[in-house]
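work.tsv follows (TSV, C-alpha atoms):
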```
chain	number	residue	atom	x	y	z
N	282	MET	CA	85.02	104.57	74.75
N	283	LYS	CA	84.46	101.65	77.16
N	284	SER	CA	87.77	100.10	76.21
N	285	ARG	CA	89.47	103.47	76.65
N	286	TRP	CA	88.37	103.98	80.24
N	287	LEU	CA	89.23	100.39	81.07
N	288	GLN	CA	92.69	100.92	79.57
N	289	THR	CA	92.99	104.12	81.60
N	290	PHE	CA	92.07	102.31	84.81
N	291	ALA	CA	94.53	99.47	84.14
N	292	THR	CA	97.37	101.89	83.36
N	293	ALA	CA	96.63	104.03	86.42
N	294	LEU	CA	96.42	100.93	88.61
N	295	LYS	CA	99.87	99.87	87.43
N	296	LEU	CA	101.19	103.32	88.33
N	297	GLY	CA	99.43	103.18	91.70
N	298	LEU	CA	101.20	99.92	92.50
N	299	LEU	CA	104.67	101.00	91.38
N	300	SER	CA	104.95	104.78	91.92
N	301	PHE	CA	107.16	105.27	94.97
N	302	GLY	CA	108.98	108.48	95.81
N	303	GLY	CA	106.41	111.27	96.21
N	304	PRO	CA	104.74	113.73	93.80
N	305	THR	CA	107.84	114.76	91.84
N	306	ALA	CA	108.79	111.16	91.19
N	307	HIS	CA	105.19	110.38	90.24
N	308	ILE	CA	105.35	112.95	87.44
N	309	GLY	CA	108.40	111.14	86.09
N	310	TYR	CA	106.55	107.81	86.17
N	311	PHE	CA	103.56	109.43	84.42
N	312	ARG	CA	105.69	110.90	81.66
N	313	GLU	CA	107.35	107.56	80.99
N	314	GLU	CA	104.01	105.72	80.87
N	315	TYR	CA	101.60	108.18	79.27
N	316	VAL	CA	103.96	110.03	76.89
N	317	HIS	CA	106.66	107.52	75.96
N	318	ARG	CA	104.95	104.13	76.24
N	319	LYS	CA	101.27	104.83	75.59
N	320	LYS	CA	101.77	108.00	73.51
N	321	TRP	CA	98.42	109.34	74.69
N	322	LEU	CA	99.82	112.90	74.58
N	323	ASP	CA	103.02	114.66	73.58
N	324	ASP	CA	105.64	116.30	75.78
N	325	ARG	CA	104.34	119.84	75.29
N	326	SER	CA	100.79	118.92	76.27
N	327	PHE	CA	102.11	116.92	79.21
N	328	ALA	CA	104.23	119.87	80.41
N	329	ASP	CA	101.25	122.19	80.12
N	330	LEU	CA	99.11	119.88	82.25
N	331	VAL	CA	101.91	119.69	84.82
N	332	ALA	CA	102.02	123.50	85.00
N	333	LEU	CA	98.27	123.66	85.51
N	334	CYS	CA	98.31	121.07	88.31
N	335	GLN	CA	101.24	122.74	90.07
N	336	LEU	CA	99.32	126.02	90.17
N	337	LEU	CA	96.15	124.57	91.68
N	338	PRO	CA	95.71	123.49	95.30
N	339	GLY	CA	95.45	119.75	95.72
N	340	PRO	CA	97.54	116.64	94.99
N	341	ALA	CA	99.42	117.60	91.83
N	342	SER	CA	100.28	114.09	90.65
N	343	SER	CA	96.72	112.82	91.15
N	344	GLN	CA	95.33	115.87	89.37
N	345	LEU	CA	97.71	115.25	86.50
N	346	GLY	CA	96.43	111.70	86.19
N	347	ILE	CA	92.82	112.91	86.36
N	348	ALA	CA	93.45	115.43	83.57
N	349	ILE	CA	95.14	112.82	81.37
N	350	GLY	CA	92.30	110.38	82.08
N	351	TRP	CA	89.76	113.01	81.05
N	352	GLN	CA	91.57	113.68	77.80
N	353	ARG	CA	91.74	109.96	77.10
N	354	ALA	CA	88.19	108.87	77.95
N	355	GLY	CA	86.12	111.78	79.24
N	356	TRP	CA	84.45	111.75	82.65
N	357	LEU	CA	84.74	107.99	83.09
N	358	GLY	CA	88.41	108.19	82.16
N	359	SER	CA	89.09	110.88	84.76
N	360	ILE	CA	87.42	108.82	87.49
N	361	ALA	CA	89.16	105.63	86.34
N	362	ALA	CA	92.55	107.37	86.39
N	363	TRP	CA	92.00	108.64	89.94
N	364	LEU	CA	90.62	105.36	91.24
N	365	GLY	CA	93.38	103.22	89.75
N	366	PHE	CA	96.18	105.44	91.06
N	367	THR	CA	94.62	105.85	94.52
N	368	LEU	CA	93.17	102.44	95.35
N	369	PRO	CA	96.36	100.45	96.16
N	370	SER	CA	97.81	102.81	98.75
N	371	ALA	CA	94.41	103.71	100.23
N	372	ALA	CA	93.57	100.04	100.77
N	373	LEU	CA	96.98	99.29	102.29
N	374	LEU	CA	96.80	102.22	104.70
N	375	ALA	CA	93.23	101.46	105.77
N	376	ALA	CA	94.32	97.87	106.45
N	377	PHE	CA	97.29	99.17	108.45
N	378	ALA	CA	94.96	101.28	110.60
N	379	TRP	CA	92.73	98.26	111.20
N	380	ALA	CA	95.68	96.02	112.08
N	381	SER	CA	97.14	98.64	114.44
N	382	ALA	CA	93.82	98.95	116.26
N	383	ALA	CA	93.27	95.20	116.39
N	384	ALA	CA	96.71	94.38	117.84
N	385	PRO	CA	96.70	94.46	121.66
N	386	GLY	CA	98.86	97.28	122.99
N	387	ALA	CA	99.54	98.61	119.49
N	388	ALA	CA	99.55	102.24	120.60
N	389	GLY	CA	102.59	101.63	122.76
N	390	ALA	CA	104.35	99.11	120.54
N	391	GLY	CA	108.05	99.67	119.98
N	392	TRP	CA	107.79	99.51	116.19
N	393	LEU	CA	105.23	102.32	116.22
N	394	ARG	CA	107.62	104.43	118.29
N	395	GLY	CA	110.19	103.82	115.57
N	396	LEU	CA	107.74	105.03	112.92
N	397	GLU	CA	107.07	108.21	114.90
N	398	LEU	CA	110.78	109.02	114.87
N	399	ALA	CA	111.04	108.15	111.17
N	400	ALA	CA	108.27	110.65	110.45
N	401	ILE	CA	110.42	113.39	111.99
N	402	ALA	CA	113.32	112.55	109.68
N	403	ILE	CA	111.10	112.37	106.59
N	404	VAL	CA	109.38	115.69	107.27
N	405	ALA	CA	112.66	117.41	108.17
N	406	THR	CA	114.03	116.36	104.80
N	407	ALA	CA	110.91	117.67	103.09
N	408	VAL	CA	111.14	121.01	104.92
N	409	LEU	CA	114.74	121.55	103.84
N	410	GLY	CA	114.15	120.41	100.27
N	411	MET	CA	111.04	122.53	99.82
N	412	GLY	CA	112.72	125.45	101.55
N	413	ARG	CA	115.55	125.45	99.01
N	414	THR	CA	113.05	125.47	96.15
N	415	LEU	CA	110.13	127.52	97.46
N	416	ALA	CA	111.75	129.85	100.01
N	417	PRO	CA	115.36	130.34	98.84
N	418	ASP	CA	115.63	134.10	99.39
N	419	LYS	CA	115.11	136.53	102.29
N	420	PRO	CA	111.52	137.61	101.49
N	421	ARG	CA	110.20	134.07	101.05
N	422	ALA	CA	112.18	132.70	104.00
N	423	THR	CA	110.61	135.44	106.10
N	424	ILE	CA	107.14	134.44	104.91
N	425	ALA	CA	107.88	130.81	105.81
N	426	VAL	CA	109.12	131.59	109.33
N	427	ALA	CA	106.28	134.04	110.00
N	428	THR	CA	103.75	131.43	108.90
N	429	ALA	CA	105.29	128.78	111.16
N	430	ALA	CA	105.24	131.15	114.11
N	431	ALA	CA	101.65	132.20	113.49
N	432	VAL	CA	100.20	128.70	113.32
N	433	GLN	CA	102.11	127.59	116.42
N	434	LEU	CA	101.21	130.63	118.51
N	435	LEU	CA	97.58	130.61	117.34
N	436	PRO	CA	96.74	126.93	116.77
N	437	HIS	CA	93.44	127.16	114.89
N	438	ALA	CA	92.49	126.00	111.41
N	439	ALA	CA	91.32	129.51	110.51
N	440	VAL	CA	94.80	130.86	111.21
N	441	GLN	CA	96.27	128.49	108.63
N	442	VAL	CA	93.80	129.70	106.02
N	443	ALA	CA	94.52	133.33	106.92
N	444	ALA	CA	98.27	132.70	106.74
N	445	ILE	CA	97.98	131.23	103.24
N	446	ALA	CA	95.83	134.16	102.09
N	447	ALA	CA	98.21	136.70	103.62
N	448	ALA	CA	101.20	135.03	101.97
N	449	GLY	CA	99.43	135.22	98.61
N	450	ALA	CA	98.84	138.95	99.12
N	451	VAL	CA	102.47	139.51	100.09
N	452	GLY	CA	103.67	137.51	97.08
N	453	PHE	CA	101.46	139.60	94.80
N	454	ALA	CA	102.90	142.81	96.28
N	455	LEU	CA	106.50	141.62	96.04
N	456	LYS	CA	106.23	140.53	92.40
N	457	ARG	CA	104.00	143.33	91.12
N	458	GLY	CA	105.05	144.37	87.65
N	459	ALA	CA	106.92	141.15	86.83
N	460	PRO	CA	105.73	139.20	83.78
N	461	PRO	CA	103.89	135.89	84.23
N	462	ALA	CA	106.09	132.81	84.26
N	463	ALA	CA	103.99	130.83	81.78
N	464	ALA	CA	104.87	131.22	78.14
N	465	ALA	CA	102.22	132.99	76.16
N	466	ASP	CA	102.73	130.80	73.12
N	467	ALA	CA	102.64	127.43	74.89
N	468	GLU	CA	100.71	124.62	73.22
N	469	PRO	CA	96.99	124.71	74.20
N	470	ILE	CA	95.73	121.69	76.10
N	471	ALA	CA	92.52	119.88	75.31
N	472	ALA	CA	89.79	120.95	77.72
N	473	PRO	CA	86.20	119.95	78.51
N	474	ARG	CA	83.88	121.18	75.78
N	475	GLY	CA	81.96	124.26	76.82
N	476	ARG	CA	82.56	126.38	79.85
N	477	PHE	CA	79.14	125.93	81.46
N	478	GLY	CA	79.89	122.50	82.90
N	479	ALA	CA	83.36	123.57	84.04
N	480	THR	CA	81.90	126.65	85.73
N	481	ALA	CA	79.36	124.43	87.48
N	482	LEU	CA	82.18	122.32	88.92
N	483	LEU	CA	83.93	125.43	90.24
N	484	VAL	CA	80.67	126.60	91.80
N	485	VAL	CA	80.26	123.22	93.49
N	486	PHE	CA	83.83	123.44	94.77
N	487	GLY	CA	83.22	126.87	96.31
N	488	ALA	CA	79.78	125.98	97.68
N	489	LEU	CA	81.13	122.93	99.50
N	490	LEU	CA	84.17	124.80	100.81
N	491	LEU	CA	82.04	127.61	102.24
N	492	GLY	CA	78.81	125.79	103.02
N	493	LEU	CA	80.04	122.68	104.82
N	494	PRO	CA	81.85	124.55	107.63
N	495	LEU	CA	78.75	126.70	108.20
N	496	ALA	CA	76.56	123.63	108.39
N	497	ARG	CA	78.98	121.99	110.79
N	498	GLU	CA	79.07	125.04	113.05
N	499	ALA	CA	75.26	125.01	113.10
N	500	GLY	CA	75.29	121.37	114.20
N	501	TRP	CA	73.61	120.09	111.05
N	502	LEU	CA	76.25	117.53	110.08
N	503	PRO	CA	76.29	113.97	111.48
N	504	PRO	CA	79.72	112.51	112.42
N	505	LEU	CA	80.58	111.07	109.00
N	506	LEU	CA	79.67	114.30	107.22
N	507	SER	CA	81.76	116.22	109.76
N	508	LEU	CA	84.62	113.93	108.77
N	509	PHE	CA	83.91	114.68	105.11
N	510	GLU	CA	83.96	118.44	105.82
N	511	SER	CA	87.33	118.29	107.60
N	512	PHE	CA	89.04	116.34	104.84
N	513	TYR	CA	87.39	118.31	102.04
N	514	ARG	CA	88.63	121.56	103.58
N	515	ALA	CA	92.14	120.16	104.00
N	516	GLY	CA	92.20	119.01	100.37
N	517	SER	CA	91.06	122.46	99.22
N	518	LEU	CA	93.88	124.37	100.89
N	519	VAL	CA	96.99	122.32	100.16
N	520	PHE	CA	99.59	124.02	97.98
N	521	GLY	CA	103.09	122.67	97.41
N	522	GLY	CA	102.78	118.90	97.47
N	523	GLY	CA	101.52	116.01	99.51
N	524	HIS	CA	103.68	116.65	102.59
N	525	VAL	CA	101.89	119.95	103.20
N	526	VAL	CA	98.62	118.16	103.97
N	527	LEU	CA	100.22	116.97	107.22
N	528	PRO	CA	99.67	120.13	109.33
N	529	LEU	CA	96.19	120.71	107.94
N	530	LEU	CA	95.08	117.18	108.80
N	531	GLU	CA	96.73	117.23	112.20
N	532	ARG	CA	94.70	120.27	113.21
N	533	GLU	CA	91.54	118.46	112.16
N	534	VAL	CA	91.94	115.00	113.66
N	535	VAL	CA	94.15	115.24	116.76
N	536	PRO	CA	92.43	118.08	118.69
N	537	ASN	CA	89.03	116.50	117.87
N	538	GLY	CA	90.18	113.27	119.51
N	539	TRP	CA	89.65	111.22	116.37
N	540	VAL	CA	93.28	110.02	116.31
N	541	SER	CA	96.04	110.29	118.92
N	542	ALA	CA	99.19	112.25	118.13
N	543	GLU	CA	101.22	109.02	118.33
N	544	SER	CA	98.92	107.17	115.95
N	545	PHE	CA	98.93	110.17	113.61
N	546	ALA	CA	102.74	110.18	113.36
N	547	ALA	CA	102.92	106.41	112.92
N	548	GLY	CA	100.34	106.51	110.14
N	549	TYR	CA	102.17	109.30	108.37
N	550	ALA	CA	105.38	107.30	108.47
N	551	ALA	CA	103.56	104.24	107.13
N	552	THR	CA	102.30	106.37	104.25
N	553	GLN	CA	105.89	106.77	103.12
N	554	ALA	CA	106.21	102.99	102.72
N	555	VAL	CA	103.43	102.57	100.17
N	556	PRO	CA	103.30	103.66	96.52
N	557	GLY	CA	100.84	106.19	95.17
N	558	PRO	CA	99.75	109.64	96.36
N	559	LEU	CA	100.57	110.90	99.86
N	560	PHE	CA	96.98	112.12	100.17
N	561	THR	CA	95.93	108.52	100.85
N	562	PHE	CA	97.12	109.21	104.40
N	563	ALA	CA	93.46	110.23	104.68
N	564	ALA	CA	92.45	106.58	104.30
N	565	TYR	CA	94.51	105.68	107.36
N	566	LEU	CA	93.07	108.54	109.42
N	567	GLY	CA	89.51	107.82	108.33
N	568	ALA	CA	89.86	104.13	109.14
N	569	ALA	CA	91.55	104.80	112.50
N	570	SER	CA	88.79	107.18	113.56
N	571	HIS	CA	85.60	105.93	111.86
N	572	GLY	CA	86.30	102.46	110.49
N	573	TRP	CA	86.10	101.34	106.88
N	574	ALA	CA	83.30	103.79	106.05
N	575	GLY	CA	85.48	106.57	107.42
N	576	ALA	CA	88.37	105.45	105.21
N	577	ALA	CA	86.22	105.67	102.08
N	578	ILE	CA	84.67	109.02	103.04
N	579	ALA	CA	87.96	110.66	104.08
N	580	THR	CA	89.70	109.49	100.91
N	581	ALA	CA	86.93	110.71	98.62
N	582	ALA	CA	86.66	114.02	100.49
N	583	ILE	CA	90.34	114.94	100.37
N	584	PHE	CA	90.65	114.23	96.64
N	585	LEU	CA	87.33	115.76	95.56
N	586	PRO	CA	88.47	119.43	95.63
N	587	GLY	CA	91.45	118.66	93.40
N	588	TYR	CA	89.20	116.80	90.97
N	589	LEU	CA	86.66	119.63	90.77
N	590	LEU	CA	89.38	122.24	90.33
N	591	VAL	CA	91.46	120.57	87.64
N	592	ILE	CA	88.48	119.68	85.44
N	593	GLY	CA	86.82	123.01	86.16
N	594	VAL	CA	89.85	125.17	85.40
N	595	MET	CA	91.04	123.38	82.23
N	596	PRO	CA	88.83	125.40	79.81
N	597	PHE	CA	90.08	128.66	81.32
N	598	TRP	CA	93.75	127.72	81.59
N	599	GLN	CA	94.96	129.46	78.42
N	600	ALA	CA	93.68	132.80	79.72
N	601	LEU	CA	94.57	132.19	83.37
N	602	ARG	CA	98.21	131.38	82.62
N	603	ARG	CA	98.67	134.88	81.18
N	604	VAL	CA	97.47	136.63	84.36
N	605	ALA	CA	100.66	137.63	86.17
N	606	GLY	CA	98.89	138.16	89.50
N	607	VAL	CA	97.96	134.49	89.78
N	608	ALA	CA	101.56	133.32	89.55
N	609	HIS	CA	102.68	136.13	91.86
N	610	ALA	CA	100.23	135.07	94.57
N	611	VAL	CA	101.45	131.49	94.29
N	612	TYR	CA	105.01	132.85	94.79
N	613	GLY	CA	104.02	133.83	98.34
N	614	ILE	CA	101.73	130.87	98.98
N	615	ASN	CA	104.48	128.39	98.19
N	616	ALA	CA	106.70	130.02	100.83
N	617	ALA	CA	103.86	129.83	103.34
N	618	VAL	CA	103.44	126.09	102.86
N	619	VAL	CA	107.10	125.63	103.83
N	620	GLY	CA	106.23	127.41	107.06
N	621	LEU	CA	103.20	125.19	107.63
N	622	LEU	CA	105.33	122.10	107.24
N	623	LEU	CA	108.01	123.55	109.53
N	624	ALA	CA	105.37	124.10	112.20
N	625	ALA	CA	104.15	120.51	111.84
N	626	LEU	CA	107.72	119.25	112.21
N	627	TYR	CA	107.76	120.76	115.69
N	628	ASP	CA	104.19	119.95	116.72
N	629	PRO	CA	102.86	117.26	116.53
N	630	LEU	CA	105.94	115.33	115.38
N	631	PHE	CA	108.96	116.46	117.42
N	632	ALA	CA	107.05	117.57	120.51
N	633	ASN	CA	105.23	114.26	120.85
N	634	ALA	CA	107.91	111.77	119.80
N	635	VAL	CA	111.18	113.13	121.22
N	636	LYS	CA	111.10	112.86	124.99
N	637	THR	CA	114.58	111.52	125.84
N	638	PRO	CA	118.13	111.90	124.49
N	639	LEU	CA	117.82	108.40	123.05
N	640	ASP	CA	114.75	109.46	121.05
N	641	PHE	CA	116.68	112.41	119.66
N	642	ALA	CA	119.68	110.26	118.76
N	643	ILE	CA	117.54	107.75	116.88
N	644	ALA	CA	115.64	110.49	115.01
N	645	ALA	CA	118.96	112.11	114.05
N	646	ALA	CA	120.29	108.78	112.81
N	647	PHE	CA	117.17	108.28	110.69
N	648	TYR	CA	117.64	111.76	109.24
N	649	ALA	CA	121.22	110.93	108.31
N	650	LEU	CA	120.07	107.75	106.58
N	651	ILE	CA	117.53	109.54	104.41
N	652	ALA	CA	119.35	112.86	103.84
N	653	PHE	CA	122.97	111.76	103.42
N	654	TRP	CA	122.91	108.03	102.75
N	655	LYS	CA	119.93	108.53	100.38
N	656	LEU	CA	117.91	105.64	101.82
N	657	PRO	CA	114.47	105.70	100.15
N	658	PRO	CA	111.62	106.70	102.51
N	659	TRP	CA	109.89	103.34	102.13
N	660	ALA	CA	113.12	101.56	103.16
N	661	LEU	CA	113.59	103.92	106.11
N	662	VAL	CA	110.14	102.95	107.36
N	663	GLY	CA	111.22	99.30	107.49
N	664	VAL	CA	114.46	100.17	109.28
N	665	ALA	CA	112.56	102.37	111.73
N	666	ALA	CA	110.02	99.67	112.57
N	667	LEU	CA	112.76	97.12	113.26
N	668	THR	CA	114.80	99.64	115.26
N	669	GLY	CA	111.80	100.67	117.32
N	670	ALA	CA	110.88	97.07	118.05
N	671	ALA	CA	114.45	96.29	119.14
N	672	VAL	CA	115.03	99.42	121.24
N	673	TYR	CA	111.60	100.17	122.71
N	674	GLY	CA	110.08	96.71	122.66
N	675	LEU	CA	112.55	95.27	125.14
```
Structure encoded using structure tokens:
Amino acid sequence: MKSRWLQTFATALKLGLLSFGGPTAHIGYFREEYVHRKKWLDDRSFADLVALCQLLPGPASSQLGIAIGWQRAGWLGSIAAWLGFTLPSAALLAAFAWASAAAPGAAGAGWLRGLELAAIAIVATAVLGMGRTLAPDKPRATIAVATAAAVQLLPHAAVQVAAIAAAGAVGFALKRGAPPAAAADAEPIAAPRGRFGATALLVVFGALLLGLPLAREAGWLPPLLSLFESFYRAGSLVFGGGHVVLPLLEREVVPNGWVSAESFAAGYAATQAVPGPLFTFAAYLGAASHGWAGAAIATAAIFLPGYLLVIGVMPFWQALRRVAGVAHAVYGINAAVVGLLLAALYDPLFANAVKTPLDFAIAAAFYALIAFWKLPPWALVGVAALTGAAVYGL
């Protein structure tokens, strides 16, 4: 068993160093490594795990790795798979936050201005791509626009939660009577033995999600635990991929004064230049606001809900997949997350970065590079930094 979890860590570390391109691309890397090369599971089991992770809130690619790690080497394997995949990008982004803070005048540096404008292009591309997939018809497009309007007009974290819940209810109503999407005869996946331990993990997930905000409101949490609560809550409510964590985190860190809007946008752009999960943006924000301890706490907090959920739900997945209402609620929730990302595209990104016609022209050019010329996001980040240094650093 020891050799198995070490093998799992080494394989996940390799993926964490090489997996560029976002959650969808990560799944392709995982399939090539875990199914074709290592043969740790077959295609049907892999597809079933992908379906489970897509249904749950949290970082789907990281949850997929956690589930495969559990099947390979139990609890140690699940932790090793998460740590290996997460560590490279988390360390790089924490170091970037430290370097940005240490450099004199970094907040106003031209290359950071370039990264802010690159973030607009990257998120605009994500909004359009996700909109085509998750909100392609009139009902779901309406949900997306209504969600964007609600969170902009009423900028409070509770409104985002309410919007997600309302979208789930609308999706359930719209799809009532339709059969569940999951095939009833799909291959069962291996799951943790016994449901008691899995149920305990789900109870812990719910207790932290409900209890931490109450403790924070009562003034019982010191600063680092308040940081943990913010990132845990954000990680609990993200549906639809890593980009959707952007608006949830912005509402937590910018109004609280932990990170400036400019630093937030620059860090998000930098996240596109590193491999691994987009959720490691938390490492940058934690380091920028609370130092190295903050980086570790924010990273652990934002991934913990996804870990608890995927391991906790696995024993119940065969029954859950047959409940049509679950998939129908996700139908509406997925449209809502497009709206959340659309709102974040306007504020904080566009509203804070585009102040002159030149800013707009550069952001539009970056969008053309990524949307039409198909420049990879990590390459756009390099171009943006050089452009910003040349244009704004003079």
Review point. Quick one: residues within 8 Å of segment 666-670 of chain N, only C-alpha atoms counted, chain neighbours fewer than 3 positions away excluded, as a PyMOL selection string?
Key: chain N and resi 390-396+662-663+673-675
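Atom pair atom CA of Gly492 of chain N / atom CA of Tyr513 of chain N: separated by 11.4 Å.
Taking atom CA of Trp351 of chain N as the reference point, atom CA of Val604 of chain N is found at 25.1 Å.
Taking atom CA of Phe545 of chain N as the reference point, atom CA of Ala632 of chain N is found at 13.0 Å.
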Non-local contacts of Ala446 of chain N (12 Å; all atoms listed in the file; under 4 positions in same chain excluded) as an mmCIF file with C-alpha atoms, keeping the file's coordinate frame:
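New file selection20.cif:
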```cif
data_model
loop_
_atom_site.group_PDB
_atom_site.id
_atom_site.type_symbol
_atom_site.label_atom_id
_atom_site.label_comp_id
_atom_site.auth_asym_id
_atom_site.auth_seq_id
_atom_site.Cartn_x
_atom_site.Cartn_y
_atom_site.Cartn_z
ATOM 1 C CA ILE N 424 107.140 134.440 104.910
ATOM 2 C CA THR N 428 103.750 131.430 108.900
ATOM 3 C CA ALA N 439 91.320 129.510 110.510
ATOM 4 C CA VAL N 440 94.800 130.860 111.210
ATOM 5 C CA GLN N 441 96.270 128.490 108.630
ATOM 6 C CA VAL N 442 93.800 129.700 106.020
ATOM 7 C CA ALA N 450 98.840 138.950 99.120
ATOM 8 C CA VAL N 451 102.470 139.510 100.090
ATOM 9 C CA GLY N 452 103.670 137.510 97.080
ATOM 10 C CA PHE N 453 101.460 139.600 94.800
ATOM 11 C CA LEU N 518 93.880 124.370 100.890
ATOM 12 C CA PHE N 520 99.590 124.020 97.980
ATOM 13 C CA ALA N 610 100.230 135.070 94.570
ATOM 14 C CA VAL N 611 101.450 131.490 94.290
ATOM 15 C CA TYR N 612 105.010 132.850 94.790
ATOM 16 C CA GLY N 613 104.020 133.830 98.340
ATOM 17 C CA ILE N 614 101.730 130.870 98.980
ATOM 18 C CA ASN N 615 104.480 128.390 98.190
ATOM 19 C CA ALA N 616 106.700 130.020 100.830
ATOM 20 C CA ALA N 617 103.860 129.830 103.340
ATOM 21 C CA VAL N 618 103.440 126.090 102.860
#
```
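For the choices N:Val404, N:Leu590, N:Lys655, N:Tyr565, the atom-to-atom distance to Ile347 of chain N is smallest for N:Leu590 when using all atoms listed in the file.
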Exercise for review: Name the residues within 12 Å of (102.6, 119.9, 84.3), counting all atoms listed in the file in the file's coordinates, and put them as a PyMOL selection string.
Suggested key: chain N and resi 304-305+307-309+311-312+323-337+341-346+348-349+463+470+591
Select segment 303-315 of chain N in the preceding structure and write C-alpha atoms to a file as a PDB file, in the first residue's frame.
```pdb
ATOM      1  CA  GLY N 303      -8.080  24.256 -17.594  1.00  0.00           C
ATOM      2  CA  PRO N 304     -10.417  21.574 -16.176  1.00  0.00           C
ATOM      3  CA  THR N 305     -11.583  20.080 -19.482  1.00  0.00           C
ATOM      4  CA  ALA N 306      -8.027  19.653 -20.695  1.00  0.00           C
ATOM      5  CA  HIS N 307      -7.053  18.188 -17.319  1.00  0.00           C
ATOM      6  CA  ILE N 308      -9.585  15.391 -17.774  1.00  0.00           C
ATOM      7  CA  GLY N 309      -7.922  14.546 -21.074  1.00  0.00           C
ATOM      8  CA  TYR N 310      -4.506  14.420 -19.401  1.00  0.00           C
ATOM      9  CA  PHE N 311      -5.937  12.217 -16.629  1.00  0.00           C
ATOM     10  CA  ARG N 312      -7.481   9.774 -19.071  1.00  0.00           C
ATOM     11  CA  GLU N 313      -4.223   9.422 -20.973  1.00  0.00           C
ATOM     12  CA  GLU N 314      -2.211   8.849 -17.790  1.00  0.00           C
ATOM     13  CA  TYR N 315      -4.531   6.854 -15.520  1.00  0.00           C
TER      14      TYR N 315
END
```
